[in-house]
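Novice: Have a peek at input.csv (CSV, C-alpha atoms).
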chain,number,residue,atom,x,y,z
A,1,MET,CA,-40.3,-25.4,17.2
A,2,LYS,CA,-42.1,-23.7,14.2
A,3,ILE,CA,-42.6,-20.5,16.2
A,4,ARG,CA,-38.9,-20.4,17.3
A,5,SER,CA,-37.8,-21.1,13.7
A,6,SER,CA,-40.0,-18.3,12.5
A,7,LEU,CA,-38.7,-15.8,15.0
A,8,GLN,CA,-35.1,-16.7,14.2
A,9,ALA,CA,-35.8,-16.2,10.5
A,10,LYS,CA,-37.1,-12.7,11.3
A,11,ALA,CA,-34.1,-12.0,13.4
A,12,ARG,CA,-31.7,-13.0,10.6
A,13,ARG,CA,-33.6,-10.5,8.4
A,14,GLY,CA,-32.8,-7.8,10.9
A,15,GLU,CA,-36.3,-7.3,12.1
A,16,TYR,CA,-36.6,-6.1,15.7
A,17,LEU,CA,-38.5,-8.6,17.9
A,18,GLY,CA,-38.5,-7.0,21.3
A,19,SER,CA,-41.7,-6.3,23.1
A,20,CYS,CA,-40.7,-2.8,24.2
A,21,ASP,CA,-38.5,0.0,22.8
A,22,PRO,CA,-34.8,-0.4,23.4
A,23,TYR,CA,-33.2,2.5,25.3
A,24,GLY,CA,-32.1,5.2,22.8
A,25,TYR,CA,-34.6,4.1,20.1
A,26,LEU,CA,-38.3,3.8,19.4
A,27,ARG,CA,-40.1,1.3,17.3
A,28,ASN,CA,-41.2,2.8,14.1
A,29,PRO,CA,-45.0,3.5,14.3
A,30,LYS,CA,-45.4,2.3,10.7
A,31,ASP,CA,-43.4,-0.9,11.2
A,32,LYS,CA,-42.8,-2.2,14.7
A,33,HIS,CA,-39.9,-4.4,13.5
A,34,ARG,CA,-37.8,-1.3,12.5
A,35,LEU,CA,-36.2,1.2,14.9
A,36,VAL,CA,-35.9,5.0,14.8
A,37,ILE,CA,-33.9,7.4,17.0
A,38,ASN,CA,-35.5,8.5,20.3
A,39,PRO,CA,-34.7,12.2,20.5
A,40,GLU,CA,-35.0,12.1,24.3
A,41,THR,CA,-32.6,9.3,25.1
A,42,ALA,CA,-30.3,9.1,22.2
A,43,PRO,CA,-28.3,12.1,23.4
A,44,ILE,CA,-27.9,10.4,26.8
A,45,VAL,CA,-26.5,7.3,25.1
A,46,LYS,CA,-24.1,9.4,23.0
A,47,ARG,CA,-22.9,11.3,26.0
A,48,ILE,CA,-22.1,8.0,27.8
A,49,PHE,CA,-19.8,7.0,24.8
A,50,GLU,CA,-18.2,10.5,24.8
A,51,LEU,CA,-17.5,10.4,28.5
A,52,CYS,CA,-16.0,6.9,28.3
A,53,ALA,CA,-13.8,7.9,25.3
A,54,SER,CA,-12.6,10.9,27.4
A,55,GLY,CA,-11.4,8.5,30.1
A,56,TYR,CA,-14.2,8.6,32.6
A,57,SER,CA,-14.7,5.3,34.6
A,58,LEU,CA,-18.0,3.4,34.5
A,59,LYS,CA,-18.6,4.4,38.1
A,60,LYS,CA,-17.9,8.1,37.4
A,61,ILE,CA,-20.3,8.1,34.5
A,62,ALA,CA,-23.0,6.5,36.6
A,63,ASP,CA,-22.4,9.0,39.4
A,64,ILE,CA,-22.7,11.9,37.0
A,65,TYR,CA,-26.0,10.7,35.7
A,66,ASN,CA,-27.3,10.0,39.2
A,67,SER,CA,-26.3,13.5,40.4
A,68,GLU,CA,-28.1,15.1,37.4
A,69,GLY,CA,-31.3,13.2,38.1
A,70,ILE,CA,-31.3,11.4,34.7
A,71,LEU,CA,-33.7,8.5,34.8
A,72,CYS,CA,-32.0,5.1,34.3
A,73,PRO,CA,-33.3,2.9,31.4
A,74,ALA,CA,-35.8,0.9,33.6
A,75,ASP,CA,-37.2,4.0,35.2
A,76,TYR,CA,-37.5,5.8,31.8
A,77,ASP,CA,-39.5,2.9,30.4
A,78,ASP,CA,-41.8,3.0,33.4
A,79,PHE,CA,-42.1,6.8,33.0
A,80,ARG,CA,-43.2,6.5,29.4
A,81,ASN,CA,-45.9,4.0,30.4
A,82,HIS,CA,-47.0,6.0,33.5
A,83,ASP,CA,-50.6,7.1,33.6
A,84,PRO,CA,-50.7,10.8,34.9
A,85,GLN,CA,-54.1,10.1,36.5
A,86,ALA,CA,-52.5,7.6,38.8
A,87,GLY,CA,-50.6,10.4,40.5
A,88,GLU,CA,-47.0,11.7,40.4
A,89,PHE,CA,-44.4,9.4,38.8
A,90,LYS,CA,-42.0,8.0,41.4
A,91,PRO,CA,-38.8,6.1,40.1
A,92,LYS,CA,-38.7,2.5,41.2
A,93,TYR,CA,-35.1,1.7,40.5
A,94,ASN,CA,-33.8,5.3,41.0
A,95,LYS,CA,-30.1,4.7,40.1
A,96,TRP,CA,-27.6,4.2,37.3
A,97,HIS,CA,-25.2,1.4,37.9
A,98,GLN,CA,-21.8,0.5,36.4
A,99,ALA,CA,-23.4,-2.6,34.8
A,100,THR,CA,-26.0,-0.5,33.0
A,101,VAL,CA,-23.3,1.9,31.7
A,102,ARG,CA,-21.2,-1.0,30.5
A,103,PHE,CA,-24.1,-2.8,28.8
A,104,ILE,CA,-24.8,0.4,26.8
A,105,LEU,CA,-21.1,0.9,25.9
A,106,VAL,CA,-20.6,-2.7,24.6
A,107,ASN,CA,-23.9,-3.0,22.7
A,108,PRO,CA,-23.4,-2.9,18.9
A,109,MET,CA,-27.1,-1.8,18.7
A,110,PHE,CA,-26.0,1.8,19.2
A,111,ALA,CA,-23.6,1.5,16.2
A,112,GLY,CA,-26.6,0.7,14.0
A,113,HIS,CA,-26.4,-3.2,14.1
A,114,MET,CA,-29.3,-5.3,15.2
A,115,VAL,CA,-28.3,-7.7,18.0
A,116,GLN,CA,-30.8,-10.4,19.1
A,117,CYS,CA,-31.2,-13.9,20.5
A,118,ARG,CA,-28.9,-13.1,23.5
A,119,LYS,CA,-31.2,-15.3,25.6
A,120,ARG,CA,-33.5,-18.2,25.0
A,121,SER,CA,-36.1,-20.2,27.0
A,122,LEU,CA,-35.3,-23.8,27.6
A,123,SER,CA,-38.8,-24.9,26.7
A,124,TYR,CA,-42.3,-23.6,26.2
A,125,ARG,CA,-43.2,-25.6,29.3
A,126,THR,CA,-41.0,-23.5,31.6
A,127,GLN,CA,-40.4,-19.8,32.1
A,128,LYS,CA,-36.7,-20.4,32.7
A,129,ILE,CA,-34.4,-18.2,30.6
A,130,VAL,CA,-30.7,-19.0,29.9
A,131,LEU,CA,-28.0,-16.9,28.2
A,132,ASN,CA,-26.8,-17.8,24.7
A,133,ALA,CA,-23.1,-18.0,23.9
A,134,LYS,CA,-22.0,-14.9,22.1
A,135,GLU,CA,-21.3,-16.9,18.9
A,136,ASP,CA,-25.0,-17.9,18.9
A,137,TRP,CA,-26.3,-14.2,18.9
A,138,ILE,CA,-27.9,-13.1,15.7
A,139,ILE,CA,-26.2,-9.8,14.6
A,140,VAL,CA,-27.4,-8.1,11.4
A,141,LYS,CA,-25.3,-5.1,10.3
A,142,ASN,CA,-26.6,-1.6,9.4
A,143,THR,CA,-30.3,-2.1,10.1
A,144,HIS,CA,-31.1,1.3,11.6
A,145,GLU,CA,-29.6,4.7,12.2
A,146,PRO,CA,-26.6,4.6,14.5
A,147,ILE,CA,-26.3,6.8,17.6
A,148,VAL,CA,-22.5,6.6,17.4
A,149,SER,CA,-20.3,5.9,14.4
A,150,GLU,CA,-18.7,2.5,13.9
A,151,ASP,CA,-15.2,4.0,14.3
A,152,PHE,CA,-16.2,5.8,17.6
A,153,PHE,CA,-17.8,2.6,18.9
A,154,ASN,CA,-14.6,0.6,18.2
A,155,GLN,CA,-12.6,3.4,19.8
A,156,VAL,CA,-14.7,3.1,23.0
A,157,GLN,CA,-14.2,-0.7,23.0
A,158,ALA,CA,-10.4,-0.2,23.0
A,159,THR,CA,-10.8,2.4,25.8
A,160,LEU,CA,-12.8,-0.1,27.9
A,161,LYS,CA,-9.9,-2.6,27.9
A,162,GLY,CA,-7.7,-0.2,29.9
A,163,ARG,CA,-8.3,1.6,33.1
A,164,ALA,CA,-8.3,5.4,33.4
A,165,ARG,CA,-6.6,6.6,36.5
A,166,PRO,CA,-8.5,9.7,37.7
A,167,ILE,CA,-6.9,12.8,39.3
A,168,LYS,CA,-7.7,12.5,43.0
A,169,SER,CA,-8.7,16.2,43.5
A,170,THR,CA,-11.2,16.2,40.6
A,171,GLY,CA,-12.1,12.6,40.0
A,172,GLU,CA,-11.6,13.2,36.3
A,173,PRO,CA,-9.0,11.4,34.1
A,174,HIS,CA,-5.7,13.1,33.3
A,175,ILE,CA,-5.6,14.2,29.6
A,176,PHE,CA,-2.7,11.9,28.8
A,177,THR,CA,-4.1,8.8,30.7
A,178,LYS,CA,-3.6,5.6,28.7
A,179,LEU,CA,-2.0,7.5,25.9
A,180,PHE,CA,1.6,8.2,27.1
A,181,PHE,CA,4.1,5.3,27.3
A,182,CYS,CA,7.8,4.5,27.7
A,183,ALA,CA,9.2,3.5,24.3
A,184,GLU,CA,11.8,1.2,25.9
A,185,CYS,CA,9.7,-1.0,28.2
A,186,GLY,CA,6.2,-0.2,27.0
A,187,ARG,CA,5.0,0.7,30.5
A,188,THR,CA,2.6,3.7,31.1
A,189,MET,CA,4.3,6.9,32.0
A,190,ALA,CA,3.3,7.9,35.5
A,191,HIS,CA,2.1,11.4,36.2
A,192,HIS,CA,3.5,13.3,39.3
A,193,LYS,CA,2.2,16.5,40.6
A,194,LYS,CA,5.0,18.5,42.4
A,195,ASP,CA,5.6,22.1,43.3
A,196,LYS,CA,8.4,22.4,40.8
A,197,GLY,CA,6.0,21.4,38.0
A,198,ASP,CA,4.0,18.4,36.9
A,199,TYR,CA,6.2,15.7,35.3
A,200,PHE,CA,6.1,12.1,34.0
A,201,SER,CA,8.4,9.2,34.7
A,202,CYS,CA,8.4,5.6,33.5
A,203,GLY,CA,6.0,3.4,35.6
A,204,LYS,CA,8.4,0.4,35.5
A,205,TYR,CA,11.3,2.6,36.8
A,206,ARG,CA,9.0,3.9,39.5
A,207,ALA,CA,8.2,0.3,40.6
A,208,GLU,CA,11.6,-1.4,40.1
A,209,GLY,CA,14.2,1.3,39.8
A,210,LEU,CA,17.1,1.0,37.4
A,211,ASP,CA,16.7,-2.8,37.4
A,212,GLY,CA,13.4,-2.2,35.5
A,213,CYS,CA,14.0,0.8,33.3
A,214,SER,CA,15.4,4.3,33.3
A,215,SER,CA,13.4,7.3,34.6
A,216,HIS,CA,12.5,8.9,31.2
A,217,PHE,CA,11.8,12.1,33.3
A,218,ILE,CA,10.0,14.7,31.3
A,219,PHE,CA,7.9,17.8,32.3
A,220,TYR,CA,4.2,17.7,31.6
A,221,ASN,CA,4.3,21.2,30.0
A,222,HIS,CA,7.0,20.0,27.5
A,223,VAL,CA,4.8,17.0,26.5
A,224,TYR,CA,1.8,19.3,26.2
A,225,GLU,CA,3.5,21.9,24.0
A,226,ILE,CA,5.1,19.3,21.7
A,227,VAL,CA,1.8,17.4,21.1
A,228,LEU,CA,-0.2,20.7,20.7
A,229,GLN,CA,2.3,22.0,18.1
A,230,ASP,CA,2.4,18.8,16.2
A,231,ILE,CA,-1.4,18.6,15.9
A,232,GLN,CA,-1.5,22.3,14.8
A,233,ARG,CA,1.3,21.5,12.2
A,234,ASN,CA,-0.8,18.6,10.7
A,235,VAL,CA,-3.9,20.7,10.7
A,236,GLU,CA,-2.1,23.5,8.8
A,237,ILE,CA,-0.6,21.0,6.3
A,238,LEU,CA,-4.0,19.6,5.6
A,239,GLN,CA,-5.7,23.0,5.3
A,240,SER,CA,-3.0,24.3,2.9
A,241,ASP,CA,-3.1,21.4,0.4
A,242,GLU,CA,-5.2,18.4,1.5
A,243,GLU,CA,-4.8,16.5,-1.8
A,244,THR,CA,-1.0,16.5,-1.7
A,245,ALA,CA,-1.0,15.8,2.1
A,246,VAL,CA,-3.2,12.7,1.6
A,247,LYS,CA,-1.0,11.4,-1.3
A,248,ASP,CA,2.1,11.8,0.8
A,249,ILE,CA,0.6,10.0,3.8
A,250,MET,CA,-0.7,7.2,1.6
A,251,LYS,CA,2.7,6.8,-0.1
A,252,ALA,CA,4.7,6.7,3.1
A,253,LYS,CA,2.3,4.5,5.1
A,254,ASN,CA,1.3,2.0,2.5
A,255,ALA,CA,4.8,1.5,1.0
A,256,ASN,CA,5.6,-1.7,2.9
A,257,VAL,CA,2.1,-3.1,2.4
A,258,GLU,CA,2.2,-2.4,-1.3
A,259,THR,CA,5.6,-4.2,-1.6
A,260,MET,CA,4.2,-7.3,0.2
A,261,LEU,CA,1.0,-7.1,-1.9
A,262,ALA,CA,3.1,-7.1,-5.1
A,263,THR,CA,5.1,-10.1,-4.0
A,264,SER,CA,2.0,-12.1,-2.9
A,265,LYS,CA,0.2,-11.3,-6.2
A,266,LYS,CA,3.3,-12.4,-8.2
A,267,GLU,CA,3.5,-15.7,-6.2
A,268,LEU,CA,-0.3,-16.2,-6.7
A,269,ALA,CA,0.0,-15.8,-10.4
A,270,LYS,CA,2.9,-18.3,-10.5
A,271,ALA,CA,0.9,-20.8,-8.4
A,272,GLN,CA,-2.2,-20.4,-10.6
A,273,LYS,CA,-0.1,-21.0,-13.7
A,274,GLN,CA,1.4,-24.1,-12.2
A,275,GLN,CA,-2.1,-25.3,-11.3
A,276,ILE,CA,-3.1,-25.1,-15.0
A,277,GLU,CA,0.1,-26.9,-16.1
A,278,THR,CA,-0.5,-29.7,-13.6
A,279,ILE,CA,-4.1,-30.2,-14.7
A,280,GLY,CA,-2.8,-30.4,-18.3
A,281,LYS,CA,-0.2,-33.0,-17.3
A,282,ILE,CA,-2.9,-35.1,-15.6
A,283,LYS,CA,-5.2,-34.8,-18.7
A,284,LYS,CA,-2.3,-35.9,-21.0
A,285,MET,CA,-1.6,-38.9,-18.8
A,286,TYR,CA,-5.1,-40.1,-19.1
A,287,GLU,CA,-4.9,-39.8,-22.8
A,288,ASP,CA,-1.6,-41.7,-23.0
A,289,ASN,CA,-3.0,-44.4,-20.7
A,290,MET,CA,-6.1,-44.8,-22.9
A,291,THR,CA,-4.0,-45.2,-26.0
A,292,GLY,CA,-1.6,-47.6,-24.4
A,293,LYS,CA,1.4,-45.3,-24.4
A,294,LEU,CA,1.5,-45.3,-20.6
A,295,PRO,CA,1.2,-48.6,-18.7
A,296,ASP,CA,-1.3,-48.8,-15.9
A,297,ASP,CA,1.3,-49.2,-13.1
A,298,LEU,CA,3.2,-46.1,-14.2
A,299,PHE,CA,-0.1,-44.3,-14.7
A,300,ALA,CA,-1.1,-45.0,-11.1
A,301,THR,CA,2.3,-43.8,-9.8
A,302,PHE,CA,2.4,-40.6,-11.8
A,303,LEU,CA,-1.2,-39.8,-11.1
A,304,GLN,CA,-0.7,-40.0,-7.4
A,305,ASP,CA,2.4,-37.7,-7.6
A,306,TYR,CA,0.5,-35.1,-9.8
A,307,GLU,CA,-2.6,-35.3,-7.5
A,308,ASN,CA,-0.4,-34.5,-4.5
A,309,GLU,CA,1.2,-31.6,-6.4
A,310,LYS,CA,-2.3,-30.3,-7.4
A,311,ASN,CA,-3.5,-30.4,-3.8
A,312,ALA,CA,-0.4,-28.6,-2.6
A,313,LEU,CA,-0.9,-25.9,-5.2
A,314,ASN,CA,-4.6,-25.6,-4.3
A,315,ASN,CA,-3.6,-25.0,-0.7
A,316,SER,CA,-0.9,-22.5,-1.7
A,317,VAL,CA,-3.4,-20.6,-3.9
A,318,LYS,CA,-6.0,-20.4,-1.1
A,319,SER,CA,-3.3,-19.3,1.4
A,320,LEU,CA,-2.1,-16.6,-0.9
A,321,GLU,CA,-5.6,-15.3,-1.6
A,322,ARG,CA,-6.2,-15.0,2.1
A,323,GLU,CA,-2.9,-13.2,2.6
A,324,ILE,CA,-3.8,-10.7,-0.2
A,325,VAL,CA,-7.2,-10.0,1.4
A,326,SER,CA,-5.5,-9.5,4.7
A,327,LEU,CA,-2.9,-7.1,3.2
A,328,GLU,CA,-5.6,-5.1,1.4
A,329,GLY,CA,-7.3,-4.7,4.8
A,330,LYS,CA,-4.1,-3.3,6.3
A,331,LYS,CA,-3.8,-0.5,3.7
A,332,ILE,CA,-4.3,2.8,5.5
A,333,ASP,CA,-7.5,4.7,4.8
A,334,VAL,CA,-6.5,8.3,5.4
A,335,SER,CA,-10.1,9.6,5.1
A,336,HIS,CA,-10.8,8.6,8.7
A,337,PHE,CA,-7.9,10.7,9.9
A,338,ILE,CA,-8.8,13.6,7.7
A,339,ASN,CA,-12.4,13.7,9.0
A,340,ALA,CA,-11.2,13.6,12.6
A,341,VAL,CA,-8.6,16.4,12.1
A,342,LYS,CA,-11.2,18.6,10.3
A,343,LYS,CA,-13.1,18.9,13.6
A,344,TYR,CA,-10.2,20.7,15.1
A,345,THR,CA,-9.1,23.3,12.6
A,346,SER,CA,-8.4,25.9,15.2
A,347,VAL,CA,-6.9,24.0,18.2
A,348,GLU,CA,-5.6,26.5,20.8
A,349,LYS,CA,-5.4,24.1,23.7
A,350,LEU,CA,-5.6,20.4,24.3
A,351,ASP,CA,-8.3,18.5,26.2
A,352,ARG,CA,-9.0,14.8,26.7
A,353,GLN,CA,-11.6,14.6,23.9
A,354,ILE,CA,-9.2,16.0,21.3
A,355,LEU,CA,-6.4,13.6,22.3
A,356,THR,CA,-8.6,10.4,22.5
A,357,GLU,CA,-10.1,11.2,19.0
A,358,LEU,CA,-6.8,12.0,17.2
A,359,VAL,CA,-4.0,10.2,19.1
A,360,GLU,CA,-3.5,6.4,19.3
A,361,LYS,CA,-0.5,6.7,21.7
A,362,ILE,CA,2.5,8.9,22.6
A,363,THR,CA,5.9,7.4,23.4
A,364,VAL,CA,9.1,8.9,24.9
A,365,SER,CA,12.5,7.3,24.4
A,366,GLU,CA,15.9,8.4,25.7
A,367,ASP,CA,19.5,8.0,24.6
A,368,LYS,CA,21.2,5.9,27.3
A,369,GLY,CA,24.5,7.4,26.3
A,370,THR,CA,23.5,10.9,27.6
A,371,PHE,CA,22.8,12.0,31.1
A,372,GLY,CA,21.4,14.9,33.1
A,373,ARG,CA,20.8,18.2,31.3
A,374,ASN,CA,22.4,16.7,28.2
A,375,ARG,CA,20.0,13.8,28.1
A,376,LYS,CA,18.4,13.3,24.7
A,377,GLN,CA,14.8,12.3,24.5
A,378,THR,CA,12.5,11.6,21.5
A,379,LEU,CA,8.8,12.0,21.7
A,380,THR,CA,6.8,10.2,19.0
A,381,ILE,CA,3.1,10.8,18.4
A,382,TYR,CA,1.1,8.0,16.8
A,383,TYR,CA,-2.1,9.3,15.2
A,384,LYS,CA,-5.2,7.1,14.8
A,385,PHE,CA,-5.6,5.4,11.4
A,386,VAL,CA,-2.2,6.7,10.1
A,387,GLY,CA,0.4,6.2,12.9
A,388,ALA,CA,3.5,8.5,13.3
A,389,LEU,CA,3.7,11.3,10.8
Would you mind giving the structure from this file in structure tokens?
Specialist:
Amino acid sequence: MKIRSSLQAKARRGEYLGSCDPYGYLRNPKDKHRLVINPETAPIVKRIFELCASGYSLKKIADIYNSEGILCPADYDDFRNHDPQAGEFKPKYNKWHQATVRFILVNPMFAGHMVQCRKRSLSYRTQKIVLNAKEDWIIVKNTHEPIVSEDFFNQVQATLKGRARPIKSTGEPHIFTKLFFCAECGRTMAHHKKDKGDYFSCGKYRAEGLDGCSSHFIFYNHVYEIVLQDIQRNVEILQSDEETAVKDIMKAKNANVETMLATSKKELAKAQKQQIETIGKIKKMYEDNMTGKLPDDLFATFLQDYENEKNALNNSVKSLEREIVSLEGKKIDVSHFINAVKKYTSVEKLDRQILTELVEKITVSEDKGTFGRNRKQTLTIYYKFVGAL
């Protein structure tokens, strides 16, 4: 029990307790409880995140690494410990699997956070190991250099929740996969490859016909050009006058939040004032009761009423304080968007990486009162961190 308690205390301090180097990192030679980047495997880990963010499936990523002859984590660990005098190294496991790729992608360790106590032994008398519930893991933030940024890690977690449908001819995801949606029903826009030109139509319309939704037919090249031009427009605006652009975005996007914040802060100040007044009334009642101005029976009745009022005000104050913290968290931080856009100051063509890094989603809506060639459609691009601009 003392040993287990000591190890848990070390884990809570963010000290690495593993007996071998975690994939992507090395134990610091000067302090084995601290991690440093492994220059050999960190790029492999980073590339896995980039491929996933670009829409590649877990199986496709594993297939790519297997085809390139990259050692899987278990084989790499054996390779590092291999004695050259024992002969040529031969991989034992010899294959990347989807489970290995997923474990890397969901591991906060690669975002710079120490994650330990995933497992535990039932007793020192037995070698049996059981998995701990996720809430029992010990996670300490920012203990070592990250291989991928926190924002990129979270972006990949969102990507993993969906399924990228690959193009059959190449096995690679379409650049608009999981990004293009019908504004009316929310269903993904289905991609079609035809001689007359690639186009999109509403997935629900495709499955249910007019009973589900309307077609929302739109050519691929139209979507491509509109998105490319809008990204170029925003890049140009930021390059010409970044300070003004940031102020305009902040003002437009935080207007509603600021209004709600002002209201909540006003209500909080009012509730806090009432708290002070109620405490003053209770204090005066005690004084009146002590001097005989207020009989005991009335004192007990009034005291209960004021105590109930005080408790209600306390709950109200706590609720408003939580609401203010929540609203503060919803205020848009434009810096993340600016940093992402700065990577693409000369965008001439779109690819999957650009879209997944800059765009949250794209929607197309159509006016039901117009038909055929006169049909009116609206394409809306929602950028990450800032929404529609």
Novice: Let me make sure I understand: among A:His97, A:His216, A:Lys318, A:His222, which one has the smallest atom-to-atom distance to Ala269 (chain A) if we use only C-alpha atoms?
Specialist: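 Answer, going by the shortest atom-to-atom distance: A:Lys318.
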Novice: Between CA of Phe337 (chain A) and CA of Phe110 (chain A), what is the distance, to one decimal in Å?
Specialist: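 Here the two named atoms are 22.2 Å from each other.
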Novice: One decimal, Å: what's the distance from CA of Glu328 (chain A) over to CA of Lys343 (chain A), could you say?
Specialist: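 These two atoms are separated by 27.9 Å.
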Novice: From the options A:Asn289, A:Lys10, A:Cys182, A:Gly112, which residue's atoms come nearest to Asp151 (chain A), counting only C-alpha atoms?
Specialist: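 Using only C-alpha atoms, Asp151 (chain A) sits closest to A:Gly112.
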Novice: Rank A:Lys193, A:Gly212, A:Ile324, A:Val334 by their smallest atom-to-atom distance to Glu243 (chain A), using all atoms listed in the file, and report the top residue only.
Specialist: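 Looking at the shortest contact to Glu243 (chain A), the residue is A:Val334.
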Novice: Please list as an mmCIF file with C-alpha atoms, keeping the file's coordinate frame every residue within 12 Å of Val148 (chain A), counting all atoms listed in the file and excluding residues in the same chain fewer than 6 positions away.
Specialist:
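Output file part.cif follows:
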data_model
loop_
_atom_site.group_PDB
_atom_site.id
_atom_site.type_symbol
_atom_site.label_atom_id
_atom_site.label_comp_id
_atom_site.auth_asym_id
_atom_site.auth_seq_id
_atom_site.Cartn_x
_atom_site.Cartn_y
_atom_site.Cartn_z
ATOM 1 C CA GLY A 24 -32.100 5.200 22.800
ATOM 2 C CA ILE A 37 -33.900 7.400 17.000
ATOM 3 C CA ALA A 42 -30.300 9.100 22.200
ATOM 4 C CA PRO A 43 -28.300 12.100 23.400
ATOM 5 C CA ILE A 44 -27.900 10.400 26.800
ATOM 6 C CA VAL A 45 -26.500 7.300 25.100
ATOM 7 C CA LYS A 46 -24.100 9.400 23.000
ATOM 8 C CA ARG A 47 -22.900 11.300 26.000
ATOM 9 C CA ILE A 48 -22.100 8.000 27.800
ATOM 10 C CA PHE A 49 -19.800 7.000 24.800
ATOM 11 C CA GLU A 50 -18.200 10.500 24.800
ATOM 12 C CA ALA A 53 -13.800 7.900 25.300
ATOM 13 C CA ILE A 104 -24.800 0.400 26.800
ATOM 14 C CA LEU A 105 -21.100 0.900 25.900
ATOM 15 C CA VAL A 106 -20.600 -2.700 24.600
ATOM 16 C CA ASN A 107 -23.900 -3.000 22.700
ATOM 17 C CA PRO A 108 -23.400 -2.900 18.900
ATOM 18 C CA MET A 109 -27.100 -1.800 18.700
ATOM 19 C CA PHE A 110 -26.000 1.800 19.200
ATOM 20 C CA ALA A 111 -23.600 1.500 16.200
ATOM 21 C CA GLY A 112 -26.600 0.700 14.000
ATOM 22 C CA HIS A 113 -26.400 -3.200 14.100
ATOM 23 C CA ASN A 154 -14.600 0.600 18.200
ATOM 24 C CA GLN A 155 -12.600 3.400 19.800
ATOM 25 C CA VAL A 156 -14.700 3.100 23.000
#
Novice: Which of these residues is nearest to Met260 (chain A), using all atoms listed in the file: A:Ala158, A:Phe153, A:Leu320, A:Ala190?
Specialist: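 Counting all atoms listed in the file, the residue closest to Met260 (chain A) is A:Leu320.
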Novice: Within 7 Å of region 272-276 of chain A, which residues of region 293-356 of chain A show up? Give each one with its shortest atom-to-atom distance in Å (one decimal) and the two atoms involved, counting all atoms listed in the file, rows by chain then rising residue number, as a tab-separated table.
Specialist:
residue	atom	partner	partner_atom	distance
A:Lys310	CA	A:Gln275	CA	6.3
A:Leu313	CA	A:Gln275	CA	6.2
A:Val317	CA	A:Gln272	CA	6.8
Novice: Near Cys213 (chain A), counting only C-alpha atoms, which residues have an atom at most 10 Å away, once you skip same-chain residues fewer than 6 positions from it, shown as a PyMOL selection string?
Specialist: chain A and resi 182+184-185+187+202-207
Novice: Grab the residues selected above and save them as an mmCIF file, in the coordinates of the input with C-alpha atoms.
Specialist:
data_model
loop_
_atom_site.group_PDB
_atom_site.id
_atom_site.type_symbol
_atom_site.label_atom_id
_atom_site.label_comp_id
_atom_site.auth_asym_id
_atom_site.auth_seq_id
_atom_site.Cartn_x
_atom_site.Cartn_y
_atom_site.Cartn_z
ATOM 1 C CA CYS A 182 7.800 4.500 27.700
ATOM 2 C CA GLU A 184 11.800 1.200 25.900
ATOM 3 C CA CYS A 185 9.700 -1.000 28.200
ATOM 4 C CA ARG A 187 5.000 0.700 30.500
ATOM 5 C CA CYS A 202 8.400 5.600 33.500
ATOM 6 C CA GLY A 203 6.000 3.400 35.600
ATOM 7 C CA LYS A 204 8.400 0.400 35.500
ATOM 8 C CA TYR A 205 11.300 2.600 36.800
ATOM 9 C CA ARG A 206 9.000 3.900 39.500
ATOM 10 C CA ALA A 207 8.200 0.300 40.600
#
